[in-house]
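Notes to accompany the following structure.
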Amino acid sequence: MRGLESVSFALGLVVLRHVAAHADTYPGGEIHEDVRAYLEEKHQDTSYAENSLDRSRFYAETSQYPNTDIHGDGPSCSWMGELHAELESHTLFELTLPGTHNCGSYLLSEELMPGDWGEKSEAALKVAEFLHIPVEDVITPWSLTQDRSVLKQLELGSRYLDLRAGWNGKQWRTFHLEQGVLISDVLADVEAFMAKHPMEIVYLEVSHLVGSPTREQVVQLASMIQKICSVYLLPRSFPLQKKTIGDIVRSGKRLIASLATSQAVLDNYPQIWPGYTFYNTYANTDELQRMVGFNERAATWFTKYRRELLLSGFLYKLSWTLTPQVHTIVDSILTRNPRNLYTLARLAAEHFDAFSLWMNGRGMQGGNILLFDFLDLSLNRTEVCKSMIALVRAVNPLLQTAETYV
């Protein structure tokens, strides 16, 4: 890092350490360390039988929702273009953009991604061994986070993409425990959307990079991003804190892409932003009230420290997502409740309006980015664009009054 980038990053660390020092500790969900003991206890208390799991029905519930076609035709919402007159004089730091969590996990294979193995994966394996079922029957329902292709997510109105990239030994692919589609296919979707919608601005955060890739393989990923999306990539030299949305649209460079890699790699790619551009927060719980409480505090922190965050150049993320814990996955097999991540996402979506009203009553902005699983659950499927614009207005005070919220 050099010059202003170094100063900005150092200032950002000071700000975030100060925020963390004044933040209440927040527990995640309960963890059952002895998964086998928990299985034996719960198994005795349920009517579960080894042959009672209809796997074809189980997959259908978690991969093909009613009226859903991941690649099919549907509404295309250019909400930034429709609201351009209201947005053009503001910076991106004054605006909250809706986004999709783990955007590439809409279509998954049964192959596990090398390097993405942790407590939940171990638990899933133990559940599968205990019940004598394929491990993918346990993992897949909790790994699917979206039900539309990335192009369709953008057309629904998502303007931030959380893209997890994993190296499987041969290719860069999306993943969420299991391997998904090619990263190149996702980038092609992004490029196609940018070409079709000249008034829209998109954030793309490429992160995680599991699979122990070499430096050369990470360079290959950076080159892929630049090659496919080069026409629209906004260079790091662009003064994002000072320039308006109108300036960005007029420049034609409307894609802000970051990559979680070393500065040595990024030095050769001036159009790709560093991974620390986006600052993540999430509740890490499967309990609704805990998630709501966490996000209320996160929104309060953002309101208190937004000037410092602006100086640091960080874009602050809130996640309206419920995260399965080990016990969530175990219970989904034994008691079928909740069944999958879609079930949790639907519960979160049902309570989002109350959260936006809570923010409105306090004049709060929902961070710079607000993430969702299964984005369409938060929208009216018969009036997608209208409901997306309503969602955007609900989390952006500057779109509710004539005055800029500072």
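Here's how to read the names in the structure tokens: chain A, B, ... by the order shown, residue numbers from 1 in each chain, ligand numbers from 1 in the order shown.
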If you run DSSP on the backbone, which residues of stretch 212-366 of chain A are strand (DSSP E), as an MDAnalysis selection string?
chainID A and resid 255:259 273:274 278:279 315:319
Generate a file of the selected residues that holds C-alpha atoms, formatted as a CSV table (one decimal), in the first residue's frame.
```
chain,number,residue,atom,x,y,z
A,255,LEU,CA,-18.5,-1.6,-11.5
A,256,ILE,CA,-16.6,-1.5,-8.2
A,257,ALA,CA,-14.9,-4.8,-7.9
A,258,SER,CA,-12.7,-5.9,-5.0
A,259,LEU,CA,-10.5,-9.0,-4.5
A,273,TRP,CA,-10.1,-2.6,-5.3
A,274,PRO,CA,-8.6,-4.2,-2.1
A,278,PHE,CA,-16.0,-3.7,2.3
A,279,TYR,CA,-16.4,-4.0,6.1
A,315,LEU,CA,-18.2,0.5,2.8
A,316,TYR,CA,-20.2,-0.9,5.7
A,317,LYS,CA,-22.3,-4.0,5.3
A,318,LEU,CA,-25.4,-5.1,7.3
A,319,SER,CA,-26.6,-8.7,6.8
```
Filtered DSSP result for stretch 215-315 of chain A, state alpha helix (DSSP H), as number ranges by chain
A: 215-229, 245-251, 263-266, 288-312
Pick from A:Gln365, A:Arg159, A:Cys77, A:Gln220 nearest to A:Glu383, counting only C-alpha atoms:
A:Cys77
Contact check, stretch 157-238 of chain A to stretch 266-269 of chain A, at most 9 Å, counting only C-alpha atoms, closest pairs as a tab-separated table:
```
residue	atom	partner	partner_atom	distance
A:Val219	CA	A:Leu266	CA	8.9
A:Ala222	CA	A:Tyr269	CA	7.4
A:Ser223	CA	A:Tyr269	CA	8.0
A:Gln226	CA	A:Tyr269	CA	7.7
A:Pro235	CA	A:Tyr269	CA	8.9
```
Could the residues in this selection be written to a file with N, CA and C atoms, as a PDB file, in the first residue's frame?
```pdb
ATOM      1  N   VAL A 219      -3.510 -14.636  -9.401  1.00  0.00           N
ATOM      2  CA  VAL A 219      -3.289 -13.714 -10.523  1.00  0.00           C
ATOM      3  C   VAL A 219      -4.207 -14.079 -11.681  1.00  0.00           C
ATOM      4  N   ALA A 222      -7.568 -12.622 -10.842  1.00  0.00           N
ATOM      5  CA  ALA A 222      -7.580 -11.172 -11.057  1.00  0.00           C
ATOM      6  C   ALA A 222      -7.626 -10.841 -12.547  1.00  0.00           C
ATOM      7  N   SER A 223      -6.867 -11.576 -13.329  1.00  0.00           N
ATOM      8  CA  SER A 223      -6.854 -11.352 -14.782  1.00  0.00           C
ATOM      9  C   SER A 223      -8.217 -11.649 -15.395  1.00  0.00           C
ATOM     10  N   GLN A 226     -10.545  -8.736 -14.687  1.00  0.00           N
ATOM     11  CA  GLN A 226     -10.215  -7.583 -15.527  1.00  0.00           C
ATOM     12  C   GLN A 226     -10.565  -7.826 -16.993  1.00  0.00           C
ATOM     13  N   PRO A 235     -11.588   2.446 -11.637  1.00  0.00           N
ATOM     14  CA  PRO A 235     -10.229   2.322 -11.107  1.00  0.00           C
ATOM     15  C   PRO A 235     -10.128   2.794  -9.667  1.00  0.00           C
TER      16      PRO A 235
END
```
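Distances here use only C-alpha atoms; by that measure, the residue among A:Ala260, A:Ile389, A:Ala192, A:Ala299 closest to A:Val231 is A:Ala192.
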Have a look at atom CA of A:Val127 and atom CA of A:Leu112 and let me know their distance in Å, one decimal.
16.1 Å
Would you kindly return, as a ChimeraX atom specification, each protein, DNA or RNA residue with an atom no farther than 10 Å from any atom of A:Ile329, considering only C-alpha atoms and excluding same-chain residues fewer than 3 positions away?
/A:120-121,123-124,127,138-139,141-142,324-326,332-334,336-341
Just the selected residues (N, CA and C atoms), exported as a PDB file, in the first residue's frame, please.
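The resulting file, selection_17.pdb, is shown below:
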```
ATOM      1  N   LYS A 120     -19.268 -27.053  10.827  1.00  0.00           N
ATOM      2  CA  LYS A 120     -20.568 -27.447  10.279  1.00  0.00           C
ATOM      3  C   LYS A 120     -20.428 -28.607   9.292  1.00  0.00           C
ATOM      4  N   SER A 121     -19.351 -28.611   8.526  1.00  0.00           N
ATOM      5  CA  SER A 121     -19.112 -29.717   7.604  1.00  0.00           C
ATOM      6  C   SER A 121     -18.891 -31.012   8.369  1.00  0.00           C
ATOM      7  N   ALA A 123     -20.029 -31.700  11.322  1.00  0.00           N
ATOM      8  CA  ALA A 123     -21.318 -32.095  11.888  1.00  0.00           C
ATOM      9  C   ALA A 123     -22.179 -32.794  10.840  1.00  0.00           C
ATOM     10  N   ALA A 124     -22.197 -32.229   9.616  1.00  0.00           N
ATOM     11  CA  ALA A 124     -22.988 -32.831   8.539  1.00  0.00           C
ATOM     12  C   ALA A 124     -22.505 -34.243   8.236  1.00  0.00           C
ATOM     13  N   VAL A 127     -23.709 -36.568  10.978  1.00  0.00           N
ATOM     14  CA  VAL A 127     -25.139 -36.831  10.818  1.00  0.00           C
ATOM     15  C   VAL A 127     -25.352 -37.876   9.719  1.00  0.00           C
ATOM     16  N   VAL A 138     -27.491 -33.784   3.633  1.00  0.00           N
ATOM     17  CA  VAL A 138     -27.432 -32.929   4.813  1.00  0.00           C
ATOM     18  C   VAL A 138     -26.933 -31.541   4.443  1.00  0.00           C
ATOM     19  N   ILE A 139     -25.942 -31.485   3.563  1.00  0.00           N
ATOM     20  CA  ILE A 139     -25.265 -30.214   3.271  1.00  0.00           C
ATOM     21  C   ILE A 139     -26.059 -29.324   2.312  1.00  0.00           C
ATOM     22  N   PRO A 141     -29.216 -28.643   1.448  1.00  0.00           N
ATOM     23  CA  PRO A 141     -30.301 -27.749   1.871  1.00  0.00           C
ATOM     24  C   PRO A 141     -29.828 -26.523   2.643  1.00  0.00           C
ATOM     25  N   TRP A 142     -28.644 -26.608   3.243  1.00  0.00           N
ATOM     26  CA  TRP A 142     -28.128 -25.487   4.030  1.00  0.00           C
ATOM     27  C   TRP A 142     -27.047 -24.709   3.296  1.00  0.00           C
ATOM     28  N   PRO A 324     -27.340 -20.815   9.883  1.00  0.00           N
ATOM     29  CA  PRO A 324     -27.512 -22.096  10.574  1.00  0.00           C
ATOM     30  C   PRO A 324     -26.308 -22.421  11.447  1.00  0.00           C
ATOM     31  N   GLN A 325     -26.585 -22.996  12.606  1.00  0.00           N
ATOM     32  CA  GLN A 325     -25.552 -23.482  13.505  1.00  0.00           C
ATOM     33  C   GLN A 325     -25.512 -25.007  13.409  1.00  0.00           C
ATOM     34  N   VAL A 326     -24.587 -25.614  14.123  1.00  0.00           N
ATOM     35  CA  VAL A 326     -24.479 -27.072  14.078  1.00  0.00           C
ATOM     36  C   VAL A 326     -25.802 -27.719  14.467  1.00  0.00           C
ATOM     37  N   SER A 332     -32.593 -30.296  11.501  1.00  0.00           N
ATOM     38  CA  SER A 332     -33.313 -30.288  10.223  1.00  0.00           C
ATOM     39  C   SER A 332     -33.507 -31.697   9.688  1.00  0.00           C
ATOM     40  N   ILE A 333     -32.621 -32.610  10.036  1.00  0.00           N
ATOM     41  CA  ILE A 333     -32.744 -33.991   9.600  1.00  0.00           C
ATOM     42  C   ILE A 333     -33.634 -34.780  10.549  1.00  0.00           C
ATOM     43  N   LEU A 334     -33.468 -34.553  11.838  1.00  0.00           N
ATOM     44  CA  LEU A 334     -34.197 -35.357  12.817  1.00  0.00           C
ATOM     45  C   LEU A 334     -35.641 -34.918  13.005  1.00  0.00           C
ATOM     46  N   ARG A 336     -37.027 -32.186  10.997  1.00  0.00           N
ATOM     47  CA  ARG A 336     -37.458 -31.505   9.780  1.00  0.00           C
ATOM     48  C   ARG A 336     -37.873 -30.054  10.035  1.00  0.00           C
ATOM     49  N   ASN A 337     -37.391 -29.432  11.102  1.00  0.00           N
ATOM     50  CA  ASN A 337     -37.773 -28.053  11.383  1.00  0.00           C
ATOM     51  C   ASN A 337     -36.596 -27.323  12.027  1.00  0.00           C
ATOM     52  N   PRO A 338     -36.050 -26.286  11.398  1.00  0.00           N
ATOM     53  CA  PRO A 338     -36.382 -25.843  10.031  1.00  0.00           C
ATOM     54  C   PRO A 338     -35.787 -26.796   8.995  1.00  0.00           C
ATOM     55  N   ARG A 339     -36.337 -26.783   7.804  1.00  0.00           N
ATOM     56  CA  ARG A 339     -35.922 -27.748   6.792  1.00  0.00           C
ATOM     57  C   ARG A 339     -34.623 -27.365   6.093  1.00  0.00           C
ATOM     58  N   ASN A 340     -34.409 -26.068   5.879  1.00  0.00           N
ATOM     59  CA  ASN A 340     -33.315 -25.628   5.026  1.00  0.00           C
ATOM     60  C   ASN A 340     -33.090 -24.129   5.231  1.00  0.00           C
ATOM     61  N   LEU A 341     -32.087 -23.585   4.540  1.00  0.00           N
ATOM     62  CA  LEU A 341     -31.777 -22.166   4.673  1.00  0.00           C
ATOM     63  C   LEU A 341     -32.909 -21.292   4.140  1.00  0.00           C
TER      64      LEU A 341
END
```
Pick the closest to A:Lys227 from A:Ile272, A:Val206, A:Leu311, A:Leu398: which is it, counting only C-alpha atoms?
A:Ile272
May I ask which of the residues A:His132, A:Lys170, A:His176, A:Arg290 is the closest one to A:Glu110, counting only C-alpha atoms?
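Looking only at the distances to A:Glu110, the closest residue turns out to be A:His176.
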Who sits within 7 Å of stretch 239-246 of chain A, only C-alpha atoms, same chain under 2 positions skipped, as a PyMOL selection string
chain A and resi 87-93+237+248-250+310+313
